[in-house]
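Chemist: Input structure: protein34.txt, which contains compact mmCIF, C-alpha atoms.
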# COMPACT_ATOMS: atom_id res chain seq x y z
CA PHE A 1 0.00 0.00 0.00
CA PHE A 2 1.65 3.20 -1.23
CA SER A 3 0.93 5.57 1.63
CA SER A 4 2.88 3.46 4.10
CA ARG A 5 6.13 3.91 2.20
CA ARG A 6 8.59 6.41 3.58
CA ARG A 7 9.50 7.62 0.08
CA HIS A 8 6.20 9.46 -0.02
CA THR A 9 7.01 11.63 2.99
CA ARG A 10 8.45 14.69 1.27
CA TYR A 11 8.27 15.16 -2.46
CA ILE A 12 8.86 18.80 -3.05
CA GLY A 13 12.18 19.24 -1.29
CA ASP A 14 13.24 21.49 1.57
CA TRP A 15 12.35 25.13 1.97
CA SER A 16 13.15 27.44 4.84
CA SER A 17 10.34 28.63 7.06
CA ASP A 18 12.07 32.01 6.98
CA VAL A 19 10.79 32.69 3.47
CA CYS A 20 7.31 31.29 3.94
CA SER A 21 4.49 33.76 3.66
CA SER A 22 0.97 33.15 4.84
CA ASP A 23 -1.18 30.30 3.58
CA LEU A 24 1.85 28.10 3.04
CA PHE A 25 3.07 24.81 4.53
CA THR A 26 6.53 24.82 6.06
CA THR A 27 8.88 21.86 5.60
CA LYS A 28 8.16 20.72 9.13
CA GLN A 29 4.39 20.99 8.70
CA TRP A 30 4.42 19.10 5.41
CA ALA A 31 6.55 16.29 6.86
CA ALA A 32 4.20 16.07 9.83
CA LEU A 33 1.12 15.96 7.60
CA THR A 34 2.42 13.24 5.28
CA GLY A 35 3.64 11.31 8.31
CA TYR A 36 0.18 11.46 9.83
CA MET A 37 -1.39 10.15 6.62
CA ARG A 38 0.89 7.11 6.77
CA ARG A 39 -0.33 6.09 10.20
CA LYS A 40 -2.38 2.93 10.38
CA THR A 41 -4.67 4.65 12.86
CA TRP A 42 -5.69 7.12 10.15
CA LEU A 43 -6.75 4.26 7.88
CA GLN A 44 -8.09 1.83 10.43
CA VAL A 45 -11.44 3.52 10.78
CA GLY A 46 -14.96 2.36 11.50
CA LYS A 47 -16.33 0.09 14.18
CA HIS A 48 -14.02 -2.79 13.28
CA GLY A 49 -11.21 -0.73 11.79
CA ASN A 50 -12.10 -1.84 8.30
CA ASP A 51 -14.56 0.62 6.82
CA LYS A 52 -13.81 0.13 3.12
CA ARG A 53 -15.64 3.28 2.09
CA LEU A 54 -13.69 5.51 4.46
CA ILE A 55 -10.42 3.75 3.70
CA ARG A 56 -10.94 4.38 -0.03
CA SER A 57 -11.76 8.01 0.69
CA ARG A 58 -8.67 8.56 2.81
CA LYS A 59 -6.33 6.86 0.34
CA MET A 60 -7.72 9.14 -2.34
CA LEU A 61 -7.29 12.23 -0.17
CA HIS A 62 -3.68 11.27 0.45
CA ALA A 63 -2.99 10.88 -3.27
CA TYR A 64 -4.86 14.11 -4.04
CA ALA A 65 -2.87 16.20 -1.54
CA ILE A 66 0.51 14.94 -2.78
CA PHE A 67 -0.57 15.33 -6.41
CA MET A 68 -1.73 18.91 -5.88
CA VAL A 69 1.38 20.04 -4.01
CA ASN A 70 3.54 18.62 -6.79
CA THR A 71 1.63 20.12 -9.74
CA GLY A 72 0.29 23.45 -8.46
CA LEU A 73 -3.08 22.83 -10.11
CA ARG A 74 -6.14 24.79 -9.05
CA VAL A 75 -8.92 22.81 -7.40
CA GLY A 76 -11.23 23.37 -10.37
CA GLU A 77 -8.57 22.25 -12.84
CA ALA A 78 -8.03 18.94 -11.05
CA ARG A 79 -11.72 18.19 -10.43
CA ASN A 80 -12.65 16.56 -13.74
CA LEU A 81 -9.36 14.94 -14.65
CA CYS A 82 -9.52 11.49 -16.24
CA TRP A 83 -6.74 8.92 -16.32
CA GLN A 84 -6.22 9.69 -20.00
CA ASP A 85 -5.23 13.23 -19.02
CA LEU A 86 -2.08 11.93 -17.34
CA GLN A 87 1.10 11.08 -19.20
CA PHE A 88 3.87 9.37 -17.27
CA LYS A 89 7.38 10.10 -18.52
CA ASN A 90 9.71 7.41 -17.22
CA ALA A 91 13.48 7.80 -17.01
CA ALA A 92 16.49 5.86 -15.80
CA LYS A 93 17.11 8.39 -13.04
CA SER A 94 14.17 8.80 -10.68
CA GLU A 95 14.67 12.57 -10.47
CA ASP A 96 14.13 12.82 -14.23
CA ARG A 97 10.69 11.23 -14.13
CA LYS A 98 7.82 13.62 -14.77
CA LEU A 99 4.06 13.67 -14.92
CA PHE A 100 2.34 15.66 -17.66
CA VAL A 101 -1.23 16.72 -16.94
CA ALA A 102 -3.55 17.93 -19.71
CA VAL A 103 -5.83 20.69 -18.45
CA ALA A 104 -8.82 21.37 -20.70
CA ALA A 105 -9.68 24.97 -21.56
CA SER A 106 -13.16 24.44 -20.13
CA GLN A 107 -11.64 23.59 -16.75
CA SER A 108 -9.00 26.31 -16.72
CA LYS A 109 -9.57 29.61 -14.94
CA VAL A 110 -7.99 31.43 -17.89
CA ARG A 111 -9.99 29.34 -20.42
CA LYS A 112 -6.83 28.18 -22.13
CA ARG A 113 -5.75 24.59 -22.65
CA ARG A 114 -2.33 23.80 -21.29
CA THR A 115 -0.10 20.90 -20.30
CA VAL A 116 1.11 21.09 -16.72
CA VAL A 117 4.45 19.55 -15.82
CA GLY A 118 4.41 17.87 -12.43
CA THR A 119 7.45 16.95 -10.39
CA GLU A 120 8.82 13.46 -9.92
CA GLY A 121 6.76 13.35 -6.75
CA ALA A 122 3.57 13.71 -8.79
CA TYR A 123 4.78 10.91 -11.08
CA ARG A 124 5.35 8.54 -8.18
CA ILE A 125 2.17 9.15 -6.24
CA MET A 126 -0.09 8.90 -9.28
CA LYS A 127 1.68 5.83 -10.66
CA ASP A 128 1.24 4.04 -7.35
CA TYR A 129 -2.32 5.25 -6.96
CA TYR A 130 -3.28 4.16 -10.48
CA ASP A 131 -1.74 0.72 -9.94
CA GLU A 132 -3.78 0.30 -6.77
CA ARG A 133 -7.00 1.44 -8.43
CA LYS A 134 -6.33 -0.95 -11.31
CA GLU A 135 -5.66 -3.83 -8.94
CA ASN A 136 -8.98 -3.14 -7.21
CA LYS A 137 -10.79 -2.64 -10.54
CA ASP A 138 -11.88 0.71 -9.21
CA PHE A 139 -12.69 3.06 -12.12
CA CYS A 140 -9.32 2.76 -13.81
CA ALA A 141 -10.35 3.03 -17.47
CA LEU A 142 -8.79 5.89 -19.46
CA THR A 143 -12.07 7.82 -19.52
CA ASP A 144 -12.86 7.27 -15.84
CA LYS A 145 -12.58 10.22 -13.49
CA ILE A 146 -9.59 10.09 -11.17
CA TRP A 147 -11.24 11.81 -8.23
CA CYS A 148 -14.55 9.97 -8.10
CA LYS A 149 -17.01 8.50 -5.66
CA GLU A 150 -17.73 4.78 -5.37
CA ASN A 151 -20.35 5.15 -8.11
CA GLY A 152 -17.90 6.85 -10.48
CA SER A 153 -19.35 10.36 -10.20
CA VAL A 154 -17.03 13.32 -9.74
CA ILE A 155 -16.09 14.53 -6.27
CA GLN A 156 -16.71 18.27 -6.36
CA HIS A 157 -14.17 19.16 -3.69
CA PHE A 158 -12.06 17.75 -0.86
CA ARG A 159 -12.39 20.87 1.28
CA GLU A 160 -14.11 19.30 4.27
CA GLY A 161 -12.00 16.15 4.25
CA PHE A 162 -8.75 18.11 3.96
CA THR A 163 -9.73 20.49 6.74
CA ASN A 164 -10.59 17.57 9.02
CA LEU A 165 -7.23 16.00 8.15
CA LEU A 166 -5.35 19.16 9.10
CA ILE A 167 -7.23 19.38 12.39
CA ALA A 168 -6.54 15.74 13.21
CA ALA A 169 -2.85 16.15 12.36
CA GLY A 170 -2.62 19.30 14.51
CA ILE A 171 -1.57 21.46 11.54
CA ARG A 172 -4.27 24.09 11.28
CA HIS A 173 -2.42 27.40 10.91
CA ASP A 174 0.60 28.80 9.12
CA ASN A 175 3.46 30.75 10.70
CA GLU A 176 1.36 33.92 10.79
CA GLY A 177 -1.68 32.31 12.37
CA LYS A 178 -3.78 32.12 9.20
CA GLU A 179 -5.75 28.97 8.54
CA LEU A 180 -4.21 26.56 6.06
CA THR A 181 -6.59 25.36 3.36
CA ILE A 182 -6.57 23.08 0.36
CA TYR A 183 -5.46 26.09 -1.72
CA SER A 184 -2.28 26.21 0.38
CA LEU A 185 -1.07 23.24 -1.68
CA ARG A 186 -0.87 25.41 -4.82
CA HIS A 187 0.80 28.27 -2.94
CA THR A 188 3.36 25.85 -1.53
CA PHE A 189 4.16 24.47 -4.98
CA ILE A 190 4.70 27.90 -6.52
CA THR A 191 6.84 29.12 -3.64
CA THR A 192 9.06 26.04 -3.53
CA ARG A 193 9.59 26.14 -7.30
CA LEU A 194 10.68 29.78 -7.09
CA ILE A 195 13.05 29.01 -4.24
CA ALA A 196 14.48 26.18 -6.38
CA GLY A 197 15.28 28.75 -9.07
CA VAL A 198 12.57 28.00 -11.63
CA ASN A 199 12.16 30.80 -14.16
CA PRO A 200 9.08 32.91 -13.23
CA TYR A 201 7.88 33.02 -16.84
CA GLN A 202 7.98 29.24 -17.17
CA LEU A 203 6.34 28.82 -13.78
CA ALA A 204 3.56 31.26 -14.67
CA GLU A 205 2.91 29.35 -17.90
CA ASN A 206 2.85 26.03 -16.06
CA CYS A 207 0.48 27.32 -13.38
CA GLY A 208 -1.82 29.19 -15.73
CA THR A 209 -1.18 32.58 -14.18
CA SER A 210 0.71 35.77 -15.03
CA ILE A 211 4.19 37.00 -14.19
CA PRO A 212 2.78 40.11 -12.41
CA MET A 213 0.70 37.79 -10.22
CA ILE A 214 3.79 35.72 -9.41
CA GLU A 215 5.77 38.86 -8.60
CA GLN A 216 2.99 40.36 -6.49
CA TYR A 217 2.26 37.38 -4.29
CA TYR A 218 5.47 35.37 -4.29
CA ALA A 219 8.26 37.97 -4.30
CA HIS A 220 9.27 36.80 -0.81
CA ALA A 221 10.36 33.47 -2.24
CA ARG A 222 12.88 35.08 -4.58
CA SER A 223 14.67 37.37 -2.13
CA ASP A 224 17.50 34.91 -1.44
CA GLN A 225 17.78 34.10 -5.14
CA PHE A 226 18.05 37.80 -6.01
CA ALA A 227 20.74 38.28 -3.38
CA ASN A 228 22.78 35.38 -4.74
CA GLU A 229 22.50 36.62 -8.33
CA LEU A 230 23.39 40.22 -7.44
CA THR A 231 26.51 39.17 -5.56
CA LYS A 232 27.60 36.44 -7.99
CA GLY A 233 31.28 36.67 -8.88
CA TYR A 234 31.95 39.53 -6.44
CA ARG A 235 35.57 39.83 -5.32
CA LYS A 236 37.14 42.37 -3.01
Now, as a test, write the supplied structure out as structure tokens.
Modeler:
Amino acid sequence: FFSSRRRHTRYIGDWSSDVCSSDLFTTKQWAALTGYMRRKTWLQVGKHGNDKRLIRSRKMLHAYAIFMVNTGLRVGEARNLCWQDLQFKNAAKSEDRKLFVAVAASQSKVRKRRTVVGTEGAYRIMKDYYDERKENKDFCALTDKIWCKENGSVIQHFREGFTNLLIAAGIRHDNEGKELTIYSLRHTFITTRLIAGVNPYQLAENCGTSIPMIEQYYAHARSDQFANELTKGYRK
């Protein structure tokens, strides 16, 4: 079962809490959250610890959270994804593996079709999750919705489930006291990619937003990068 493996603890790398703005998971918070989702006690639910419906729901929530924090998709963009919208790019080196996600114009906030590049973490979680769904014969056809109920219908949002998860894990607020939400996953992705040195233009294209929006809301993440670039090659 994928969520018990330690390799799924931290996908998106390390980032300092010093640069984290509001509505953003810190490294410590993210490690704690993924660790909580690996606990057997989180899955062993129901009167006899074997409520298949709740177990399915929680496995899906786990996959959804890791997928979202490694792609930066908006909630609405991920809602109606089918398995055929995912393309797994394998590679000899694990760090070179990628997940390509086709976002339809009708589902995009900017009404423009685009292909989102997810990190190797997105590749791993969705590969494992698909394999499990296929093994259980649980809506794994190419045209089946990824995030679906037991009857195959689309789940409109994970807001309540994710909020309850954060409360149970004791991770309710960010460093500034603001409540963390499911949208914090996107903010965390964008911030960590900027800290890693991803070009803002490429990141804006990937996330379906604009460079001014990136600069306005995520400038804090680039302060250390700017300092390094401005002092590069300096000699007394």
Chemist: Could you state the separation of CA of Ser153 (chain A) and CA of Phe139 (chain A) in Å, given to one decimal place?
Modeler: 10.1 Å
Chemist: Would you mind telling me which residue in A:Arg74, A:Arg79, A:His157, A:Arg111 lies nearest to Ser184 (chain A) when using all atoms listed in the file?
Modeler: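 With all atoms listed in the file as the atom set, the closest residue is A:Arg74.
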Chemist: Give me the residues within 9 Å of region 119-125 of chain A as a VMD selection string, counting all atoms listed in the file and dropping any in the same chain fewer than 2 places off.
Modeler: chain A and resid 2 to 3 8 10 to 12 63 to 64 66 to 71 87 to 90 94 to 100 117 127 to 130
Chemist: One decimal, Å: what's the distance from CA of Gly177 (chain A) over to CA of Thr163 (chain A), could you say?
Modeler: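 According to the coordinates, CA of Gly177 (chain A) and CA of Thr163 (chain A) are separated by 15.4 Å.
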Chemist: Listing only residues of region 120-218 of chain A within 10 Å of region 30-53 of chain A, what is the closest atom pair and its distance in Å (to one decimal) for each, using all atoms listed in the file, sorted by chain and residue number ascending, as a Markdown table?
Modeler:
| residue | atom | partner | partner_atom | distance |
| --- | --- | --- | --- | --- |
| A:Lys149 | CA | A:Arg53 | CA | 9.4 |
| A:Glu150 | CA | A:Arg53 | CA | 7.9 |
| A:Leu165 | CA | A:Leu33 | CA | 8.4 |
| A:Leu166 | CA | A:Leu33 | CA | 7.4 |
| A:Ala168 | CA | A:Tyr36 | CA | 8.7 |
| A:Ala169 | CA | A:Tyr36 | CA | 6.1 |
| A:Gly170 | CA | A:Leu33 | CA | 8.5 |
| A:Ile171 | CA | A:Leu33 | CA | 7.3 |
| A:Leu185 | CA | A:Trp30 | CA | 9.9 |
| A:Thr188 | CA | A:Trp30 | CA | 9.7 |
